[in-house]
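Trainee: A single structure is presented below for examination.
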Amino acid sequence: MRSRKKREAWNGYLFLLPSLIGTCGFVLFPFLDVVRRSFLQASGRGFTGFENYRLVLENEAFRLAAGNTARFMLICLPVLLFLSLLMAVLVNGLVHRRNLVKTGFLLPMAIPAASVVVFFQMVFDKEGWLNRLLEAFGGKGSDWLRGNSAFWVLVTCYIWKNLGYDMILWLAGLVSVKEEQYEAARVQGAGPWACFWYITLPQLKETAFVTGLLSFVNAFRVFREAYLLAGDYPHESIYMLQHLFNNWFVNLDIQKMTAAAVMLVILTGGILGAKEWKGKCRENHS
Amino acid sequence: MRKSGKASAGKTIVKVTVRIILAIFLAVMLFPLFMILSDSFMGRQELMETCGAALADYEGEVQLRILPQYPTLRAYVRLLFDSPEYFTAFWNSMLQTVLVAAGQLLAAVPAAWAFARFRFPGRRILWFFYMLLMILPFQVTMVSGYLVLNAAGLIDTRAAVVLPGMFSTLPVFILQKTFAGLPDEVIEAAQIDGAGAFRIFVNIGIPLGMPGIFSIMILGFLEFWNTIEQPMTYLKTEALKPLSLYLPQMVKEEPGAAFAASVVTMLPALLLFFGGQESLERGIALSGVEDGENV
C-alpha cells in the first residue's frame, strides 16, 4: 500500500516536471534574485534595508497607478460579472438561435487589440464619430481619450471583450443546476425570482470564484488597449501599474521595480492564500 | 381560462423583451467588427473622408458612413504588393504563436494531468504557486524574466517571447478541471487491466480531455497572436516584431491600408475561432463547473 502511494507521487512529479522546470527557471528562481535586489542599492552592492520600499510607497506615480488599477478593478469586475450573469440567464432561457447568440458574444475575443484600437479611435477621437454625433444634435464634443473619460472608454473596452467568455462560464454553472430542484420549488409555489435567488445563486458559488478570478487575470490585459490608444504616458486617469512598471523598466529603474514587484506578489499571494486557507477550513469542517 | 390567457400574454411580453435586449447587446458587440470590415473595402479618398481626421492628420471632418459608396479591393491589393514589412510581421506573429501553443501543449497538458489525477507531497502548495503565477500580470514578473533571458543571451531573439510563454500557468488552471472531471471508473478499469500511468494518460486522458485541450490551444493562440507586452519588452529589432506591434504603426503611417491590414490580421484568429468554437465553448464551460474533486 505504501509503495503504491509512493509510486503515485513519483508519477505525479514526472508529469509535472516539464512545466515545473520552466516555471522555476523563468519565474521562481529569478524572482528570488528580485527579492534580493529589492534590498540593495542601485549599484547592486550595498544593503539598504527597506529603503527601496519606502521610495516606492512615497512615489507619487506609484500611488496614482495603484489607485487607478484598484479603481479599475473595483468598477469593472462587478459590472462585468453582473452583466455577463444577466446575459447568461437570458440566453439560457432561449430555445432557438442559442448558438448564434453565443458566437456573437464570444467573437470580440478573437479581434486583435490593434484593430479594436482603430475602432475606438474612430469613435472617441476629438475628430471622431461620437463628437460629430453630439454636434449634430447641438451638443458639445470633447477629447474623450485625453480626459477623465478615457477611464470609461477603457472600462467599455474591457467589458466588450470579456462579456462572452464570462457568459459561457456562467452558462455552464446555470446548466449544472438540477431541473428537479426547480420543479420541487415551483410545486411549493416559488416564483422565478425566488427560484433564482434560493436555488440558482447558491449553487453558482464555485462558478463565481472561477469567473471572478479569470476576469481579474484578463483585466490586467486591458493594458494592451490602453497602451495602443494612448502610449507610454496616457491621461492620468488611465495611468496604471502596468504603465508604471513599463516606464520604470525603460528607464532602468530596477530598484523600484523589484521592490514594487515583491510587494504586489505578497499582496496577491496573501489574498489568494486567505481564500485557499478558508476553503481548507471549510473542507475540514464538513 | 382568463387568468391563464393573461399569464401567457405576460410570458410573451417577457420573451419579446428578452429577445430585444439580446439583439441590442449583440448589435453593440458586433458593430466594431462590422465597421472594420466595411472600411477595409473603401478607397483611399473615401476612407480619408470617413475617418482620416480621427486617425491621421487629414484636414476636414469625419463622416458617418456605414457602408462604402464605392467598394474596392484596392487596399488589399496595396497590402499584398506594397508592404513587405507587413508580411514579415505576419510571419513573426505566426511563428511566435504556433511555437508558444505547441510548447504549452507539451508543458501544460501533463502538468494539468498531474494536478488532477495524482496525490503527491507539496501538491497543494505547488497549485497555489501556479495560481499565483497565473494571476500576476506580466509586468510584475518582467524583471525576473529579463534577468534570466539576459543571462542566457536571449534578449532580442524570438526565444525571449516564446520560451516564457510556453510555461504560462493559465492553461494548467483551465485544463485541470477538465481532467479532474473525467469519470474515475474508466481510469480504474484501465489500472486493473495493468495499464501504466503514461499509457493511461495517452490513451484515456488525452482523448477524453480533447475539448479542454483544444480550448487551451485556441485561447493560447488568441492570447499570443494579440500579445504586445512581451515583444515590446524583450524585442528591439524591427524585423522581429509581430503584427500586434506593427499594426498600430501602420495605422499612423498608412491609414489607407490599415483596415485591410486589420482584417488580414484577424483572419487566422477568426478562422481558428469558428473552426474550434464548439470545443472552445465546452472547454471554457468545463473550467467553470464544480466537478470532481477540488485541489
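Following the order of the C-alpha cells, chains are lettered A, B, ..., residues in each are numbered from 1, and ligands are numbered from 1.
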Using only C-alpha atoms and a distance of at most 7 Å, pull out the residues of chain B that contact chain A, as a CSV table (one decimal) with C-alpha atoms, in the first residue's frame.
Mentor:
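Result written to iface-v3.csv:
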```csv
chain,number,residue,atom,x,y,z
B,18,VAL,CA,-35.5,39.3,-23.7
B,26,LEU,CA,-25.4,41.6,-29.9
B,29,MET,CA,-20.8,43.6,-29.6
B,30,LEU,CA,-20.5,43.0,-33.4
B,32,PRO,CA,-16.8,47.2,-34.4
B,51,CYS,CA,-12.1,58.6,-40.6
B,53,ALA,CA,-9.4,63.2,-39.4
B,54,ALA,CA,-9.6,60.8,-36.5
B,55,LEU,CA,-6.7,58.5,-37.4
B,61,GLU,CA,-14.3,66.2,-40.6
B,62,VAL,CA,-15.1,62.6,-40.2
B,64,LEU,CA,-20.6,58.7,-40.5
B,107,ALA,CA,4.2,21.5,-20.7
B,108,ALA,CA,0.7,22.4,-19.5
B,110,PRO,CA,0.9,16.8,-18.4
B,111,ALA,CA,1.0,19.4,-15.6
B,114,ALA,CA,-0.6,15.7,-12.6
B,118,PHE,CA,-2.2,12.3,-8.6
B,119,ARG,CA,-1.7,13.0,-4.9
B,120,PHE,CA,1.9,13.9,-4.0
B,132,LEU,CA,-0.4,33.0,-8.1
B,135,ILE,CA,-2.8,36.0,-11.5
B,137,PRO,CA,0.4,40.5,-14.5
B,139,GLN,CA,4.8,43.5,-15.6
B,140,VAL,CA,5.4,42.1,-12.2
B,141,THR,CA,7.4,39.1,-13.4
B,144,SER,CA,12.7,38.3,-13.2
B,145,GLY,CA,12.1,37.3,-16.8
B,147,LEU,CA,17.3,38.7,-15.6
B,148,VAL,CA,17.1,35.1,-16.9
B,164,PRO,CA,8.5,32.1,-21.1
B,167,PHE,CA,5.3,27.9,-19.4
B,222,LEU,CA,-5.6,34.3,-29.4
B,226,ASN,CA,-2.5,39.6,-29.7
B,228,ILE,CA,2.2,43.2,-27.0
B,244,SER,CA,0.4,43.4,-32.8
B,247,LEU,CA,-0.2,47.2,-37.0
B,248,PRO,CA,-0.6,50.3,-34.8
B,262,SER,CA,-6.6,44.7,-39.6
B,266,MET,CA,-7.9,39.0,-37.7
B,269,ALA,CA,-7.8,34.2,-35.2
B,270,LEU,CA,-11.3,34.2,-36.7
B,273,PHE,CA,-12.3,30.6,-33.6
B,281,GLU,CA,-17.0,26.7,-25.6
B,284,ILE,CA,-14.3,27.2,-21.1
B,285,ALA,CA,-17.5,25.8,-19.7
B,288,GLY,CA,-16.2,26.9,-14.5
B,289,VAL,CA,-18.2,24.0,-13.1
B,290,GLU,CA,-17.8,22.5,-9.8
```
Trainee: List as a PDB file with N, CA and C atoms, in the first residue's frame the protein and nucleic acid residues near Asn92 of chain B, meaning an atom at most 10 Å away when only C-alpha atoms are counted, but skip any in the same chain fewer than 5 places from it.
Mentor:
```pdb
ATOM      1  N   TYR B  86       4.718  44.228 -43.680  1.00  0.00           N
ATOM      2  CA  TYR B  86       3.536  43.626 -43.086  1.00  0.00           C
ATOM      3  C   TYR B  86       3.679  42.114 -43.050  1.00  0.00           C
ATOM      4  N   PHE B  87       4.194  41.552 -44.126  1.00  0.00           N
ATOM      5  CA  PHE B  87       4.284  40.085 -44.165  1.00  0.00           C
ATOM      6  C   PHE B  87       5.380  39.547 -43.271  1.00  0.00           C
ATOM      7  N   THR B  97       3.376  32.529 -32.245  1.00  0.00           N
ATOM      8  CA  THR B  97       2.142  31.986 -31.689  1.00  0.00           C
ATOM      9  C   THR B  97       2.101  30.465 -31.755  1.00  0.00           C
ATOM     10  N   ARG B 158      13.653  35.640 -30.830  1.00  0.00           N
ATOM     11  CA  ARG B 158      12.286  35.104 -30.731  1.00  0.00           C
ATOM     12  C   ARG B 158      12.101  34.290 -29.457  1.00  0.00           C
ATOM     13  N   TRP B 225      -1.306  35.738 -30.242  1.00  0.00           N
ATOM     14  CA  TRP B 225      -1.485  36.457 -31.505  1.00  0.00           C
ATOM     15  C   TRP B 225      -1.632  37.945 -31.207  1.00  0.00           C
ATOM     16  N   ALA B 239      12.702  43.947 -37.433  1.00  0.00           N
ATOM     17  CA  ALA B 239      12.358  42.802 -38.276  1.00  0.00           C
ATOM     18  C   ALA B 239      11.832  41.615 -37.477  1.00  0.00           C
ATOM     19  N   LEU B 240      11.929  41.679 -36.137  1.00  0.00           N
ATOM     20  CA  LEU B 240      11.437  40.565 -35.319  1.00  0.00           C
ATOM     21  C   LEU B 240      10.042  40.839 -34.767  1.00  0.00           C
ATOM     22  N   LYS B 241       9.581  42.069 -34.923  1.00  0.00           N
ATOM     23  CA  LYS B 241       8.349  42.461 -34.238  1.00  0.00           C
ATOM     24  C   LYS B 241       7.114  41.819 -34.867  1.00  0.00           C
ATOM     25  N   PRO B 242       6.196  41.409 -34.007  1.00  0.00           N
ATOM     26  CA  PRO B 242       4.972  40.769 -34.507  1.00  0.00           C
ATOM     27  C   PRO B 242       3.942  41.797 -34.958  1.00  0.00           C
ATOM     28  N   LEU B 243       2.879  41.298 -35.570  1.00  0.00           N
ATOM     29  CA  LEU B 243       1.815  42.148 -36.090  1.00  0.00           C
ATOM     30  C   LEU B 243       1.226  43.076 -35.053  1.00  0.00           C
TER      31      LEU B 243
END
```
Trainee: Might you pull out every residue within 7 Å of segment 36-48 of chain B, with only C-alpha atoms counted and same-chain residues fewer than 6 positions away left off, and present them as a count of residues only?
Mentor: 13
Trainee: Return as a ChimeraX atom specification the full set of residues in segment 102-176 of chain B whose backbone-based DSSP assignment is alpha helix (DSSP H).
Mentor: /B:102-117,123-135,138-151,158-166,170-176
Trainee: Would you write out those residues with C-alpha atoms, as a PDB file, in the first residue's frame?
Mentor:
```pdb
ATOM      1  CA  ALA B 102       2.917  23.858 -29.168  1.00  0.00           C
ATOM      2  CA  GLY B 103       5.101  24.427 -26.122  1.00  0.00           C
ATOM      3  CA  GLN B 104       2.072  24.913 -23.905  1.00  0.00           C
ATOM      4  CA  LEU B 105       0.770  21.590 -25.146  1.00  0.00           C
ATOM      5  CA  LEU B 106       3.945  19.836 -24.034  1.00  0.00           C
ATOM      6  CA  ALA B 107       4.190  21.549 -20.656  1.00  0.00           C
ATOM      7  CA  ALA B 108       0.656  22.382 -19.546  1.00  0.00           C
ATOM      8  CA  VAL B 109      -1.222  19.229 -20.521  1.00  0.00           C
ATOM      9  CA  PRO B 110       0.884  16.814 -18.417  1.00  0.00           C
ATOM     10  CA  ALA B 111       1.027  19.360 -15.593  1.00  0.00           C
ATOM     11  CA  ALA B 112      -2.760  19.664 -15.517  1.00  0.00           C
ATOM     12  CA  TRP B 113      -2.942  15.845 -15.531  1.00  0.00           C
ATOM     13  CA  ALA B 114      -0.570  15.673 -12.578  1.00  0.00           C
ATOM     14  CA  PHE B 115      -2.636  18.144 -10.531  1.00  0.00           C
ATOM     15  CA  ALA B 116      -5.921  16.490 -11.444  1.00  0.00           C
ATOM     16  CA  ARG B 117      -5.058  12.814 -11.088  1.00  0.00           C
ATOM     17  CA  ARG B 123       0.698  19.359  -4.380  1.00  0.00           C
ATOM     18  CA  ARG B 124      -1.351  21.993  -2.589  1.00  0.00           C
ATOM     19  CA  ILE B 125       1.478  24.451  -2.284  1.00  0.00           C
ATOM     20  CA  LEU B 126       2.513  23.961  -5.899  1.00  0.00           C
ATOM     21  CA  TRP B 127      -1.078  24.520  -7.034  1.00  0.00           C
ATOM     22  CA  PHE B 128      -1.156  27.712  -5.010  1.00  0.00           C
ATOM     23  CA  PHE B 129       2.078  28.788  -6.646  1.00  0.00           C
ATOM     24  CA  TYR B 130       0.668  28.074 -10.116  1.00  0.00           C
ATOM     25  CA  MET B 131      -2.491  30.063  -9.383  1.00  0.00           C
ATOM     26  CA  LEU B 132      -0.428  32.963  -8.096  1.00  0.00           C
ATOM     27  CA  LEU B 133       1.695  32.971 -11.261  1.00  0.00           C
ATOM     28  CA  MET B 134      -1.465  32.949 -13.330  1.00  0.00           C
ATOM     29  CA  ILE B 135      -2.849  35.986 -11.542  1.00  0.00           C
ATOM     30  CA  PHE B 138       3.302  40.217 -16.903  1.00  0.00           C
ATOM     31  CA  GLN B 139       4.753  43.496 -15.646  1.00  0.00           C
ATOM     32  CA  VAL B 140       5.358  42.091 -12.167  1.00  0.00           C
ATOM     33  CA  THR B 141       7.388  39.143 -13.448  1.00  0.00           C
ATOM     34  CA  MET B 142       9.016  41.254 -16.141  1.00  0.00           C
ATOM     35  CA  VAL B 143      12.243  41.925 -14.219  1.00  0.00           C
ATOM     36  CA  SER B 144      12.739  38.313 -13.223  1.00  0.00           C
ATOM     37  CA  GLY B 145      12.130  37.257 -16.805  1.00  0.00           C
ATOM     38  CA  TYR B 146      14.562  39.858 -18.014  1.00  0.00           C
ATOM     39  CA  LEU B 147      17.283  38.732 -15.613  1.00  0.00           C
ATOM     40  CA  VAL B 148      17.127  35.145 -16.890  1.00  0.00           C
ATOM     41  CA  LEU B 149      16.805  35.985 -20.565  1.00  0.00           C
ATOM     42  CA  ASN B 150      19.642  38.463 -20.305  1.00  0.00           C
ATOM     43  CA  ALA B 151      21.894  35.953 -18.557  1.00  0.00           C
ATOM     44  CA  ARG B 158      12.286  35.104 -30.731  1.00  0.00           C
ATOM     45  CA  ALA B 159      13.059  32.748 -27.863  1.00  0.00           C
ATOM     46  CA  ALA B 160      12.640  35.635 -25.411  1.00  0.00           C
ATOM     47  CA  VAL B 161       8.938  35.745 -26.237  1.00  0.00           C
ATOM     48  CA  VAL B 162       8.400  32.046 -26.917  1.00  0.00           C
ATOM     49  CA  LEU B 163      10.177  30.320 -24.025  1.00  0.00           C
ATOM     50  CA  PRO B 164       8.493  32.078 -21.079  1.00  0.00           C
ATOM     51  CA  GLY B 165       5.160  31.943 -22.926  1.00  0.00           C
ATOM     52  CA  MET B 166       5.362  28.171 -23.186  1.00  0.00           C
ATOM     53  CA  LEU B 170      -3.183  29.751 -17.137  1.00  0.00           C
ATOM     54  CA  PRO B 171      -3.722  26.694 -19.387  1.00  0.00           C
ATOM     55  CA  VAL B 172      -2.803  24.403 -16.486  1.00  0.00           C
ATOM     56  CA  PHE B 173      -5.509  26.037 -14.391  1.00  0.00           C
ATOM     57  CA  ILE B 174      -8.137  25.773 -17.138  1.00  0.00           C
ATOM     58  CA  LEU B 175      -7.330  22.188 -18.053  1.00  0.00           C
ATOM     59  CA  GLN B 176      -7.075  20.838 -14.514  1.00  0.00           C
TER      60      GLN B 176
END
```
Trainee: Grab the atom CA of Tyr239 of chain A to atom CA of Glu253 of chain B distance for me, in Å with one decimal place.
Mentor: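 Pair atom CA of Tyr239 of chain A / atom CA of Glu253 of chain B returns 25.9 Å.
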